[in-house]
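Enquirer: Contents are compact mmCIF, C-alpha atoms and all ligand atoms; file name protein_14.txt:
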```txt
# COMPACT_ATOMS: atom_id res chain seq x y z
CA MET A 1 3.98 -34.29 -45.06
CA ASP A 2 5.49 -31.05 -43.76
CA PHE A 3 3.80 -29.14 -40.94
CA GLU A 4 6.33 -26.28 -40.89
CA LEU A 5 5.42 -22.85 -42.21
CA THR A 6 7.95 -21.49 -44.69
CA ALA A 7 10.18 -18.56 -43.78
CA ASP A 8 8.01 -16.26 -45.94
CA GLN A 9 4.83 -17.48 -44.25
CA ARG A 10 6.33 -16.96 -40.79
CA GLY A 11 7.51 -13.52 -41.91
CA ILE A 12 4.06 -12.29 -42.97
CA GLN A 13 2.51 -13.87 -39.85
CA GLY A 14 4.99 -12.03 -37.60
CA LEU A 15 4.56 -8.76 -39.48
CA THR A 16 0.77 -8.94 -39.12
CA ARG A 17 1.00 -9.86 -35.44
CA GLU A 18 3.28 -6.87 -34.77
CA LEU A 19 0.95 -4.51 -36.56
CA ALA A 20 -2.10 -6.00 -34.81
CA GLU A 21 -0.50 -5.65 -31.38
CA ALA A 22 0.54 -2.05 -32.04
CA GLU A 23 -2.46 -0.69 -33.94
CA ILE A 24 -5.48 -2.95 -33.32
CA VAL A 25 -5.35 -4.60 -29.88
CA PRO A 26 -5.14 -1.27 -27.96
CA ASN A 27 -8.21 0.06 -29.83
CA ALA A 28 -10.42 -2.99 -30.36
CA THR A 29 -12.52 -2.52 -27.21
CA SER A 30 -13.21 1.10 -27.99
CA TRP A 31 -14.11 0.38 -31.64
CA ASP A 32 -16.47 -2.34 -30.41
CA ARG A 33 -18.21 -0.08 -27.90
CA SER A 34 -18.50 2.92 -30.19
CA HIS A 35 -19.35 0.76 -33.26
CA ARG A 36 -16.62 2.57 -35.15
CA PHE A 37 -15.17 1.47 -38.48
CA PRO A 38 -11.44 2.27 -38.21
CA ASP A 39 -10.92 4.03 -41.55
CA GLU A 40 -7.43 5.09 -40.51
CA LEU A 41 -6.25 1.48 -40.06
CA TYR A 42 -6.55 0.25 -43.65
CA PRO A 43 -3.89 2.52 -45.21
CA LYS A 44 -1.49 1.11 -42.58
CA LEU A 45 -2.38 -2.46 -43.58
CA ALA A 46 -1.99 -1.43 -47.22
CA GLU A 47 1.48 -0.03 -46.56
CA LEU A 48 2.58 -3.52 -45.46
CA GLY A 49 0.89 -5.17 -48.45
CA LEU A 50 -1.79 -6.78 -46.29
CA MET A 51 -4.74 -5.54 -48.38
CA GLY A 52 -3.52 -7.72 -51.22
CA ALA A 53 -1.45 -10.35 -49.46
CA CYS A 54 -2.15 -13.20 -51.91
CA ILE A 55 -2.50 -11.04 -55.04
CA PRO A 56 0.40 -11.24 -57.54
CA GLU A 57 2.86 -8.34 -57.47
CA GLU A 58 2.09 -7.47 -61.12
CA TYR A 59 -1.44 -6.54 -59.97
CA GLY A 60 -0.27 -4.50 -56.98
CA GLY A 61 -0.36 -7.26 -54.34
CA ALA A 62 2.28 -8.70 -52.05
CA GLY A 63 2.58 -11.89 -54.11
CA ALA A 64 2.34 -14.23 -51.12
CA ASP A 65 0.58 -17.60 -51.24
CA PHE A 66 -2.98 -18.30 -50.06
CA LEU A 67 -1.84 -19.85 -46.77
CA SER A 68 0.04 -16.61 -46.00
CA TYR A 69 -3.20 -14.71 -46.54
CA ILE A 70 -4.98 -17.13 -44.18
CA LEU A 71 -2.30 -16.44 -41.55
CA VAL A 72 -2.92 -12.71 -42.00
CA LEU A 73 -6.66 -13.19 -41.42
CA GLU A 74 -6.03 -15.36 -38.36
CA GLU A 75 -3.74 -12.73 -36.80
CA LEU A 76 -6.03 -9.80 -37.61
CA SER A 77 -9.07 -11.66 -36.22
CA ARG A 78 -7.16 -12.58 -33.08
CA ALA A 79 -6.92 -8.82 -32.47
CA ASP A 80 -10.32 -7.77 -33.84
CA ALA A 81 -12.68 -10.00 -35.82
CA GLY A 82 -14.32 -6.94 -37.42
CA VAL A 83 -11.00 -6.03 -39.03
CA GLY A 84 -10.62 -9.70 -40.03
CA VAL A 85 -13.91 -9.79 -41.94
CA THR A 86 -13.26 -6.43 -43.61
CA VAL A 87 -10.00 -7.75 -45.08
CA ALA A 88 -11.49 -11.19 -45.84
CA VAL A 89 -14.39 -9.83 -47.89
CA HIS A 90 -12.12 -7.28 -49.55
CA THR A 91 -9.60 -9.92 -50.62
CA SER A 92 -11.11 -13.37 -51.11
CA ALA A 93 -14.67 -12.30 -51.96
CA THR A 94 -13.89 -9.29 -54.17
CA THR A 95 -10.31 -9.07 -55.46
CA LEU A 96 -9.79 -12.80 -56.05
CA PRO A 97 -12.92 -13.43 -58.18
CA ILE A 98 -12.00 -10.47 -60.41
CA LEU A 99 -8.48 -11.87 -60.73
CA THR A 100 -9.78 -15.39 -61.40
CA PHE A 101 -12.65 -14.67 -63.79
CA GLY A 102 -11.79 -11.24 -65.25
CA THR A 103 -10.44 -10.44 -68.71
CA ASP A 104 -6.95 -8.97 -68.89
CA GLU A 105 -8.52 -5.52 -69.20
CA GLN A 106 -10.75 -6.07 -66.14
CA LYS A 107 -7.85 -7.43 -64.10
CA SER A 108 -5.56 -4.51 -64.85
CA ARG A 109 -8.33 -1.96 -64.33
CA PHE A 110 -10.03 -3.24 -61.16
CA VAL A 111 -7.48 -5.33 -59.24
CA PRO A 112 -4.54 -2.94 -58.56
CA PRO A 113 -6.55 -0.28 -56.64
CA LEU A 114 -7.97 -3.08 -54.46
CA ALA A 115 -4.68 -4.93 -53.97
CA ARG A 116 -2.89 -1.70 -53.07
CA GLY A 117 -5.66 -0.87 -50.59
CA GLU A 118 -6.61 2.36 -52.34
CA GLN A 119 -10.17 1.05 -52.42
CA LEU A 120 -12.11 -1.45 -50.34
CA GLY A 121 -14.04 -4.27 -51.99
CA ALA A 122 -17.50 -5.70 -51.27
CA PHE A 123 -19.34 -8.87 -52.35
CA ALA A 124 -23.06 -8.30 -52.92
CA LEU A 125 -25.01 -11.54 -53.23
CA THR A 126 -27.54 -11.69 -50.37
CA GLU A 127 -30.97 -10.06 -50.62
CA SER A 128 -33.82 -9.84 -48.11
CA GLY A 129 -35.54 -12.89 -49.65
CA SER A 130 -32.45 -14.88 -50.62
CA GLY A 131 -29.74 -15.93 -48.18
CA SER A 132 -28.81 -19.61 -48.23
CA ASP A 133 -30.92 -19.95 -51.37
CA ALA A 134 -28.83 -17.41 -53.26
CA GLY A 135 -30.06 -18.77 -56.59
CA SER A 136 -33.45 -17.13 -55.99
CA LEU A 137 -32.09 -13.57 -55.95
CA ARG A 138 -34.28 -10.93 -57.62
CA THR A 139 -32.01 -8.04 -58.58
CA VAL A 140 -32.25 -7.76 -62.37
CA ALA A 141 -29.89 -6.59 -65.09
CA GLU A 142 -31.56 -5.74 -68.40
CA GLN A 143 -29.69 -5.11 -71.59
CA GLU A 144 -30.20 -1.71 -73.26
CA GLY A 145 -27.95 -1.34 -76.29
CA GLU A 146 -24.36 -1.71 -75.13
CA GLU A 147 -25.26 -1.32 -71.46
CA TRP A 148 -26.77 -3.27 -68.63
CA VAL A 149 -29.36 -1.50 -66.48
CA ILE A 150 -29.34 -2.99 -62.99
CA THR A 151 -32.17 -2.63 -60.49
CA GLY A 152 -32.71 -4.25 -57.11
CA SER A 153 -31.46 -4.33 -53.57
CA LYS A 154 -28.86 -6.16 -51.49
CA GLN A 155 -28.82 -6.86 -47.78
CA TRP A 156 -26.07 -7.16 -45.14
CA ILE A 157 -23.17 -6.31 -47.41
CA THR A 158 -19.88 -6.22 -45.51
CA ASN A 159 -17.90 -3.05 -46.44
CA GLY A 160 -21.04 -1.86 -48.31
CA SER A 161 -20.77 1.71 -47.04
CA ARG A 162 -16.99 1.97 -47.59
CA ALA A 163 -16.31 0.00 -50.76
CA GLY A 164 -15.14 1.49 -54.06
CA THR A 165 -15.59 -1.78 -55.98
CA PHE A 166 -18.47 -4.26 -55.73
CA VAL A 167 -18.73 -7.78 -57.09
CA LEU A 168 -22.51 -7.87 -57.51
CA PHE A 169 -24.86 -10.58 -58.68
CA ALA A 170 -28.01 -9.94 -60.74
CA ARG A 171 -30.46 -11.92 -62.84
CA THR A 172 -29.79 -11.36 -66.55
CA ASP A 173 -32.27 -13.95 -67.75
CA PRO A 174 -35.61 -13.42 -66.00
CA ALA A 175 -37.09 -16.36 -67.90
CA THR A 176 -34.64 -18.76 -66.27
CA ALA A 177 -35.50 -19.28 -62.62
CA GLY A 178 -32.78 -20.25 -60.16
CA ALA A 179 -29.04 -20.23 -60.48
CA ARG A 180 -28.69 -20.38 -64.28
CA GLY A 181 -30.08 -16.93 -65.01
CA ILE A 182 -27.59 -15.09 -62.79
CA SER A 183 -24.59 -13.05 -63.93
CA CYS A 184 -21.82 -11.28 -62.05
CA PHE A 185 -20.89 -7.59 -62.44
CA VAL A 186 -18.04 -5.43 -61.20
CA LEU A 187 -19.65 -2.18 -60.08
CA SER A 188 -18.34 1.00 -58.47
CA ALA A 189 -19.60 3.05 -55.54
CA GLU A 190 -21.56 5.38 -57.84
CA HIS A 191 -23.71 2.44 -59.00
CA VAL A 192 -25.15 1.73 -55.54
CA ARG A 193 -26.81 3.72 -52.76
CA VAL A 194 -26.43 2.72 -49.12
CA THR A 195 -29.91 2.59 -47.62
CA ARG A 196 -29.24 1.28 -44.13
CA GLU A 197 -26.43 0.35 -41.74
CA GLU A 198 -27.14 -2.83 -39.76
CA GLU A 199 -26.94 -3.06 -35.94
CA LYS A 200 -25.31 -6.34 -34.95
CA LEU A 201 -24.55 -8.59 -32.00
CA GLY A 202 -20.82 -8.24 -32.67
CA LEU A 203 -18.25 -7.37 -35.36
CA ASN A 204 -18.93 -3.77 -34.44
CA SER A 205 -15.79 -2.43 -36.10
CA SER A 206 -17.02 -3.71 -39.48
CA THR A 207 -19.79 -2.23 -41.60
CA THR A 208 -22.79 -4.24 -42.80
CA SER A 209 -25.01 -2.28 -45.15
CA ASP A 210 -28.13 -2.59 -47.24
CA LEU A 211 -27.82 -1.30 -50.79
CA ALA A 212 -30.21 -0.07 -53.45
CA ILE A 213 -29.25 -0.37 -57.10
CA GLU A 214 -31.53 2.02 -58.93
CA GLY A 215 -31.21 1.65 -62.68
CA ALA A 216 -27.41 1.62 -62.48
CA ARG A 217 -25.88 1.65 -65.95
CA ALA A 218 -22.95 -0.66 -66.48
CA GLY A 219 -21.08 -1.16 -69.74
CA ARG A 220 -20.49 -4.66 -71.11
CA ASP A 221 -16.93 -4.37 -69.82
CA ARG A 222 -18.33 -4.73 -66.29
CA LEU A 223 -19.78 -8.19 -66.85
CA LEU A 224 -17.44 -10.67 -65.14
CA HIS A 225 -16.88 -13.83 -67.20
CA GLU A 226 -19.89 -14.89 -69.27
CA GLU A 227 -23.58 -14.15 -69.01
CA GLY A 228 -25.34 -16.77 -66.87
CA ARG A 229 -22.11 -17.81 -65.08
CA GLY A 230 -22.65 -15.63 -62.01
CA PHE A 231 -23.80 -18.37 -59.67
CA ARG A 232 -20.76 -20.49 -60.44
CA ILE A 233 -18.52 -17.50 -59.75
CA ALA A 234 -20.31 -16.97 -56.42
CA MET A 235 -19.92 -20.61 -55.41
CA ALA A 236 -16.24 -20.79 -56.43
CA THR A 237 -15.59 -17.57 -54.54
CA LEU A 238 -17.28 -18.88 -51.41
CA ASP A 239 -15.30 -22.15 -51.63
CA GLY A 240 -12.16 -20.08 -50.96
CA GLY A 241 -13.83 -17.45 -48.79
CA ARG A 242 -14.92 -20.06 -46.29
CA ILE A 243 -11.33 -20.94 -45.56
CA GLY A 244 -10.90 -17.28 -44.61
CA ILE A 245 -13.89 -17.44 -42.26
CA ALA A 246 -12.40 -20.59 -40.69
CA ALA A 247 -9.22 -18.54 -40.08
CA GLN A 248 -11.31 -15.76 -38.58
CA ALA A 249 -12.96 -18.22 -36.17
CA LEU A 250 -9.56 -19.67 -35.33
CA GLY A 251 -8.14 -16.22 -34.52
CA ILE A 252 -11.09 -15.40 -32.24
CA ALA A 253 -10.79 -18.73 -30.39
CA GLN A 254 -7.03 -18.27 -30.00
CA ALA A 255 -7.56 -14.82 -28.49
CA ALA A 256 -10.11 -16.22 -26.00
CA TYR A 257 -7.72 -19.04 -25.08
CA ASP A 258 -4.86 -16.58 -24.51
CA VAL A 259 -6.93 -14.59 -22.01
CA ALA A 260 -8.33 -17.69 -20.26
CA ARG A 261 -4.88 -19.27 -19.88
CA ARG A 262 -3.40 -16.11 -18.34
CA TYR A 263 -6.39 -15.77 -16.02
CA ALA A 264 -6.08 -19.38 -14.82
CA HIS A 265 -2.50 -18.58 -13.74
CA GLU A 266 -3.49 -15.46 -11.82
CA ARG A 267 -6.93 -15.86 -10.27
CA GLU A 268 -7.00 -17.43 -6.82
CA GLN A 269 -9.94 -19.01 -5.03
CA PHE A 270 -9.90 -21.28 -1.97
CA GLY A 271 -6.28 -20.21 -1.49
CA ARG A 272 -5.13 -21.70 -4.81
CA ARG A 273 -4.79 -20.56 -8.40
CA ILE A 274 -7.87 -21.70 -10.33
CA GLY A 275 -5.50 -23.34 -12.84
CA ASP A 276 -4.68 -25.81 -10.03
CA PHE A 277 -8.23 -27.17 -10.20
CA GLN A 278 -8.59 -30.09 -12.57
CA ALA A 279 -11.92 -28.74 -13.88
CA ILE A 280 -10.14 -25.65 -15.23
CA GLN A 281 -7.15 -27.67 -16.50
CA TRP A 282 -9.47 -29.87 -18.55
CA LYS A 283 -11.23 -26.90 -20.05
CA LEU A 284 -7.87 -25.46 -21.15
CA ALA A 285 -6.79 -28.85 -22.48
CA ASP A 286 -9.98 -29.15 -24.56
CA MET A 287 -9.58 -25.60 -25.83
CA ALA A 288 -5.99 -26.15 -26.90
CA THR A 289 -6.87 -29.45 -28.60
CA GLU A 290 -9.85 -28.07 -30.52
CA ILE A 291 -7.95 -24.96 -31.61
CA ASP A 292 -5.18 -27.19 -32.90
CA ALA A 293 -7.66 -29.36 -34.81
CA ALA A 294 -9.31 -26.31 -36.37
CA ARG A 295 -5.90 -24.90 -37.34
CA LEU A 296 -4.88 -28.12 -39.09
CA LEU A 297 -8.17 -28.32 -41.02
CA THR A 298 -7.90 -24.66 -42.02
CA TYR A 299 -4.27 -24.76 -43.13
CA ARG A 300 -4.87 -27.98 -45.08
CA ALA A 301 -7.79 -26.42 -46.96
CA ALA A 302 -5.66 -23.33 -47.69
CA TRP A 303 -2.81 -25.48 -48.94
CA LEU A 304 -5.14 -27.46 -51.24
CA LYS A 305 -6.47 -24.22 -52.68
CA GLN A 306 -3.03 -22.77 -53.35
CA GLU A 307 -1.95 -26.03 -54.97
CA GLY A 308 -4.93 -25.70 -57.33
CA ARG A 309 -6.47 -28.91 -55.96
CA PRO A 310 -10.16 -29.49 -55.13
CA HIS A 311 -10.98 -27.89 -51.78
CA THR A 312 -14.77 -27.50 -51.64
CA ALA A 313 -15.45 -30.16 -48.98
CA GLU A 314 -12.19 -29.46 -47.12
CA GLY A 315 -13.00 -25.73 -46.91
CA ALA A 316 -16.53 -26.52 -45.71
CA LYS A 317 -15.15 -28.90 -43.05
CA ALA A 318 -12.66 -26.29 -41.87
CA LYS A 319 -15.32 -23.59 -41.62
CA LEU A 320 -17.88 -25.88 -39.99
CA TYR A 321 -15.48 -27.14 -37.35
CA ALA A 322 -13.61 -23.88 -36.67
CA SER A 323 -16.79 -21.80 -36.35
CA GLU A 324 -18.59 -24.23 -34.02
CA MET A 325 -15.36 -24.63 -32.04
CA ALA A 326 -15.01 -20.84 -31.71
CA ARG A 327 -18.58 -20.45 -30.44
CA ARG A 328 -18.07 -23.31 -27.93
CA GLN A 329 -14.65 -22.29 -26.72
CA THR A 330 -15.31 -18.56 -26.40
CA ALA A 331 -18.18 -19.57 -24.08
CA GLU A 332 -15.75 -21.75 -22.13
CA ALA A 333 -13.34 -18.81 -21.84
CA ILE A 334 -16.13 -16.79 -20.22
CA GLN A 335 -16.72 -19.73 -17.86
CA ILE A 336 -13.05 -19.80 -16.84
CA LEU A 337 -13.20 -16.07 -16.05
CA GLY A 338 -16.45 -16.51 -14.12
CA GLY A 339 -18.33 -13.24 -13.50
CA TYR A 340 -15.42 -11.20 -14.84
CA GLY A 341 -15.82 -13.02 -18.14
CA TYR A 342 -19.37 -11.79 -18.43
CA THR A 343 -18.37 -8.18 -17.83
CA LYS A 344 -16.78 -5.74 -20.25
CA GLU A 345 -13.66 -5.56 -18.09
CA PHE A 346 -12.24 -8.43 -20.17
CA PRO A 347 -12.55 -8.90 -23.95
CA VAL A 348 -13.85 -12.49 -23.84
CA GLU A 349 -17.49 -11.36 -24.01
CA ARG A 350 -16.59 -9.58 -27.29
CA PHE A 351 -14.93 -12.73 -28.60
CA TYR A 352 -18.09 -14.71 -27.75
CA ARG A 353 -20.31 -12.22 -29.60
CA ASP A 354 -17.93 -12.07 -32.57
CA ALA A 355 -17.58 -15.86 -32.82
CA LYS A 356 -21.29 -16.48 -33.45
CA ILE A 357 -21.37 -14.92 -36.92
CA THR A 358 -18.76 -17.36 -38.22
CA GLU A 359 -21.46 -20.06 -38.05
CA ILE A 360 -23.73 -17.97 -40.27
CA TYR A 361 -22.07 -16.04 -43.09
CA GLU A 362 -20.41 -17.46 -46.21
CA GLY A 363 -22.79 -20.40 -45.65
CA THR A 364 -24.42 -21.42 -42.39
CA SER A 365 -23.26 -24.56 -40.57
CA GLU A 366 -26.31 -26.36 -42.00
CA ILE A 367 -25.20 -25.45 -45.53
CA GLN A 368 -21.62 -26.57 -44.80
CA ARG A 369 -22.99 -29.96 -43.74
CA LEU A 370 -24.96 -30.10 -46.99
CA VAL A 371 -21.79 -29.36 -49.00
CA ILE A 372 -19.86 -32.05 -47.09
CA ALA A 373 -22.70 -34.58 -47.44
CA ARG A 374 -22.75 -33.98 -51.20
CA SER A 375 -19.06 -34.76 -51.37
CA ILE A 376 -19.76 -38.04 -49.57
CA LEU A 377 -23.02 -39.13 -51.18
CA GLY A 378 -22.97 -37.34 -54.52
CA ARG A 379 -26.36 -37.27 -56.22
CA GLN A 380 -28.05 -39.03 -53.32
CA ALA A 381 -27.64 -35.87 -51.21
CA ARG A 382 -28.87 -33.61 -53.99
CA GLU A 383 -32.59 -33.76 -53.23
CA GLU A 384 -32.21 -30.32 -51.66
CA PRO A 385 -32.43 -27.30 -53.97
CA VAL A 386 -29.17 -25.75 -55.17
CA VAL A 387 -28.30 -23.60 -52.22
CA GLN A 388 -25.42 -22.00 -50.40
CA THR A 389 -23.97 -18.60 -49.67
C1 LIG B 401 -22.78 -9.58 -40.32
C2 LIG B 401 -23.15 -10.17 -41.65
C3 LIG B 401 -22.35 -9.92 -42.76
C4 LIG B 401 -22.70 -10.43 -44.00
N1 LIG B 401 -21.94 -10.11 -45.10
C5 LIG B 401 -22.38 -10.46 -46.34
C6 LIG B 401 -21.71 -9.99 -47.51
O1 LIG B 401 -20.69 -9.29 -47.44
N2 LIG B 401 -22.22 -10.33 -48.73
C7 LIG B 401 -23.34 -11.10 -48.86
O2 LIG B 401 -23.75 -11.36 -49.99
N3 LIG B 401 -23.98 -11.58 -47.76
C8 LIG B 401 -23.55 -11.27 -46.51
N4 LIG B 401 -24.20 -11.71 -45.39
C9 LIG B 401 -25.35 -12.61 -45.55
C10 LIG B 401 -25.05 -14.05 -45.12
O3 LIG B 401 -24.22 -14.68 -46.04
C11 LIG B 401 -26.40 -14.77 -44.90
O4 LIG B 401 -26.95 -14.24 -43.71
C12 LIG B 401 -26.25 -16.27 -44.80
O5 LIG B 401 -25.88 -16.81 -46.03
C13 LIG B 401 -27.54 -16.97 -44.36
O6 LIG B 401 -28.66 -16.51 -45.04
P1 LIG B 401 -29.95 -16.00 -44.23
O7 LIG B 401 -29.45 -15.12 -43.15
O8 LIG B 401 -30.90 -15.42 -45.19
O9 LIG B 401 -30.54 -17.28 -43.56
P2 LIG B 401 -31.56 -18.32 -44.24
O10 LIG B 401 -31.02 -18.78 -45.53
O11 LIG B 401 -32.92 -17.72 -44.22
O12 LIG B 401 -31.50 -19.52 -43.20
C14 LIG B 401 -32.23 -19.55 -41.99
C15 LIG B 401 -31.96 -20.89 -41.31
O13 LIG B 401 -32.40 -21.97 -42.18
C16 LIG B 401 -31.31 -22.85 -42.44
N5 LIG B 401 -31.42 -23.37 -43.81
C17 LIG B 401 -31.63 -22.66 -44.96
N6 LIG B 401 -31.63 -23.48 -46.01
C18 LIG B 401 -31.39 -24.73 -45.54
C19 LIG B 401 -31.27 -26.03 -46.14
N7 LIG B 401 -31.37 -26.22 -47.47
N8 LIG B 401 -31.01 -27.09 -45.34
C20 LIG B 401 -30.90 -26.93 -43.99
N9 LIG B 401 -31.02 -25.73 -43.37
C21 LIG B 401 -31.26 -24.65 -44.14
C22 LIG B 401 -30.07 -21.99 -42.28
O14 LIG B 401 -28.92 -22.79 -42.03
C23 LIG B 401 -30.45 -21.13 -41.08
O15 LIG B 401 -30.28 -21.85 -39.89
C24 LIG B 401 -23.86 -11.24 -44.13
C25 LIG B 401 -24.65 -11.51 -43.00
C26 LIG B 401 -24.32 -10.97 -41.79
C27 LIG B 401 -25.22 -11.24 -40.61
```
Could you spell out this file's structure in structure tokens?
Ligand SMILES: Cc1cc2nc3c(=O)[nH]c(=O)nc-3n(C[C@H](O)[C@H](O)[C@H](O)COP(=O)(O)OP(=O)(O)OC[C@H]3O[C@@H](n4cnc5c(N)ncnc54)[C@H](O)[C@@H]3O)c2cc1C

Expert:
Amino acid sequence: MDFELTADQRGIQGLTRELAEAEIVPNATSWDRSHRFPDELYPKLAELGLMGACIPEEYGGAGADFLSYILVLEELSRADAGVGVTVAVHTSATTLPILTFGTDEQKSRFVPPLARGEQLGAFALTESGSGSDAGSLRTVAEQEGEEWVITGSKQWITNGSRAGTFVLFARTDPATAGARGISCFVLSAEHVRVTREEEKLGLNSSTTSDLAIEGARAGRDRLLHEEGRGFRIAMATLDGGRIGIAAQALGIAQAAYDVARRYAHEREQFGRRIGDFQAIQWKLADMATEIDAARLLTYRAAWLKQEGRPHTAEGAKAKLYASEMARRQTAEAIQILGGYGYTKEFPVERFYRDAKITEIYEGTSEIQRLVIARSILGRQAREEPVVQT
């Protein structure tokens, strides 16, 4: 067992950290307060290959491994979790499924503009009536000659208002209820209309949009993989995507720890630094331990994925633990800063707001437990309907 990152992995980690410290950290508070999507940032990430970190060079990516991509997400999220989710959805939820399930023609047509960062990607599964129970989605795709005509709506789509390419799920077989009648399409911005921009608790530098698909016409060349295989594509995509959300949670928790540790050195009460009190020492010790545990779970899941080994339960465990840890430990960071932690003078209140979503998207914590239980109990745990996003 080798716990060392390779030279290449350390290189991309250092490169991302440098860029984050120069371009993201100084602006993150202002983007959060003004709810601004930093359009100008993504070409800079693209220049360094970070919009396609784990995409092969022949398709316009940087050709790094999946763990390198996870390190990129961790570093970006440490600076600004909104930037982290923008890149996560763009890469593991949009570019990777096209690369994995696309034909040669689809891969060479759709992947390079995404991997080079010329376009942003979005993953459109959720609808107003179908979240965890993604198999009950109602958007339909009907065949008319050589085309599909797609009609429906999608809710809370990250990058929805900025994306050029959408991986979108629709029901192609209305007679088949549930997961089996769903197919996956690669659509472009002209196929969808943004109907609403969501107001959120956090992640204010990312966009979360509702979409209408109003009789969009898509040629057969836009069907990803086979008809009726959409749900499997969604689940396989989320298996990997969850490792990215674990990295996002890890980055947020690390950022909160960094601030809390510095503060414990500086703040004095009762004539002593608060870090001299055992109560504060124990909080920092717990934070450091839990962050370490989350990091090991996350890197292991990433390694399994890049080795082509099963990683469904391991990814779910990483996301479950890292997200709950981030929510817990960002709250503890506020506690260490006392009243200052609750104010906007320090960024820990932002970290606390940003951490919460990691327990919800790409499968809630309840759904992660279901996935893990199924890996333990097999059919016995399958009384529940087929669920998970
Ligand atoms: C900021 C943001 C960004 C998002 N980005 C995207 C995106 O880019 N693309 C996309 O497709 N979606 C996106 N989503 C949607 C997200 O994936 C869903 O919100 C999530 O899957 C949960 O679905 P839901 O909100 O409908 O909750 P519900 O499914 O309605 O769940 C409500 C509660 O019931 C629990 N529950 C549900 N089913 C079960 C069960 N079987 N067993 C136990 N408990 C259960 C849940 O855990 C939760 O606590 C985003 C959401 C947000 C808020």

Enquirer: What do you get as a list in words if you pick all residues at most 6 Å from ligand LIG 401 (chain B), counting only C-alpha atoms and all ligand atoms?

Expert: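 With only C-alpha atoms and all ligand atoms and a cut-off of 6 Å, ligand LIG 401 (chain B) is contacted by Phe123, Ala124, Leu125, Thr126, Ser130, Gly131, Ser132, Asp133, Trp156, Ile157, Thr158, Thr208, Ile360, Tyr361, Glu362, Gly363, Thr364, Glu366, Ile367, Glu384 and Thr389 of chain A.
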
Enquirer: Could you dump the residues just selected with C-alpha atoms as a compact mmCIF listing (two decimals), in the frame of the given file?

Expert:
```
# COMPACT_ATOMS: atom_id res chain seq x y z
CA PHE A 123 -19.34 -8.87 -52.35
CA ALA A 124 -23.06 -8.30 -52.92
CA LEU A 125 -25.01 -11.54 -53.23
CA THR A 126 -27.54 -11.69 -50.37
CA SER A 130 -32.45 -14.88 -50.62
CA GLY A 131 -29.74 -15.93 -48.18
CA SER A 132 -28.81 -19.61 -48.23
CA ASP A 133 -30.92 -19.95 -51.37
CA TRP A 156 -26.07 -7.16 -45.14
CA ILE A 157 -23.17 -6.31 -47.41
CA THR A 158 -19.88 -6.22 -45.51
CA THR A 208 -22.79 -4.24 -42.80
CA ILE A 360 -23.73 -17.97 -40.27
CA TYR A 361 -22.07 -16.04 -43.09
CA GLU A 362 -20.41 -17.46 -46.21
CA GLY A 363 -22.79 -20.40 -45.65
CA THR A 364 -24.42 -21.42 -42.39
CA GLU A 366 -26.31 -26.36 -42.00
CA ILE A 367 -25.20 -25.45 -45.53
CA GLU A 384 -32.21 -30.32 -51.66
CA THR A 389 -23.97 -18.60 -49.67
```

Enquirer: Need the shell around A:Lys305: protein/DNA/RNA residues with any atom at most 10 Å away, counting only C-alpha atoms. Skip same-chain ones fewer than 6 positions apart. Format as a PyMOL selection string?

Expert: chain A and resi 65-67+239-240+243+299+311-312+314-315

Enquirer: Pull the neighbourhood of (-10.0, -22.4, -33.1) for me: all residues within 7 Å in file coordinates, counting all atoms listed in the file, as a count of residues only.

Expert: 13

Enquirer: Taking all atoms of stretch 358-364 of chain A that the file lists and extending 8 Å past them on each side, where is the centre of the axis-aligned box and how long are its edges? Answer in Å to one decimal, as lines of an AutoDock Vina configuration file.

Expert:
```
center_x = -21.6
center_y = -18.7
center_z = -42.1
size_x = 21.7
size_y = 21.4
size_z = 24.2
```

Enquirer: Show me as JSON, numbers by chain the residues that reach within 12 Å of (-18.1, -0.6, -60.2), counting all atoms listed in the file and using the file's own coordinates.

Expert: {"A": [94, 98, 106, 109, 110, 111, 114, 119, 120, 121, 122, 123, 124, 150, 163, 164, 165, 166, 167, 168, 184, 185, 186, 187, 188, 189, 190, 191, 192, 213, 216, 217, 218, 219, 220, 221, 222, 223, 224]}

Enquirer: Write out as JSON, numbers by chain each polymer residue whose atoms come within 8 Å of A:Ser92, counting all atoms listed in the file; drop sequence neighbours fewer than 3 positions from it.

Expert: {"A": [88, 89, 95, 96, 97, 237, 240, 241, 244]}

Enquirer: Mind checking which residues fall within 8 Å of A:Ala170, counting only C-alpha atoms, ignoring those fewer than 6 positions away in the same chain, and posting them as number ranges by chain?

Expert: A: 137-141, 150, 182-185, 230

Enquirer: Export C-alpha atoms of the chosen residues as a PDB file, keeping the file's coordinate frame?

Expert:
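The resulting again_10.pdb:
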```
ATOM      1  CA  LEU A 137     -32.090 -13.570 -55.950  1.00  0.00           C
ATOM      2  CA  ARG A 138     -34.280 -10.930 -57.620  1.00  0.00           C
ATOM      3  CA  THR A 139     -32.010  -8.040 -58.580  1.00  0.00           C
ATOM      4  CA  VAL A 140     -32.250  -7.760 -62.370  1.00  0.00           C
ATOM      5  CA  ALA A 141     -29.890  -6.590 -65.090  1.00  0.00           C
ATOM      6  CA  ILE A 150     -29.340  -2.990 -62.990  1.00  0.00           C
ATOM      7  CA  ILE A 182     -27.590 -15.090 -62.790  1.00  0.00           C
ATOM      8  CA  SER A 183     -24.590 -13.050 -63.930  1.00  0.00           C
ATOM      9  CA  CYS A 184     -21.820 -11.280 -62.050  1.00  0.00           C
ATOM     10  CA  PHE A 185     -20.890  -7.590 -62.440  1.00  0.00           C
ATOM     11  CA  GLY A 230     -22.650 -15.630 -62.010  1.00  0.00           C
TER      12      GLY A 230
END
```
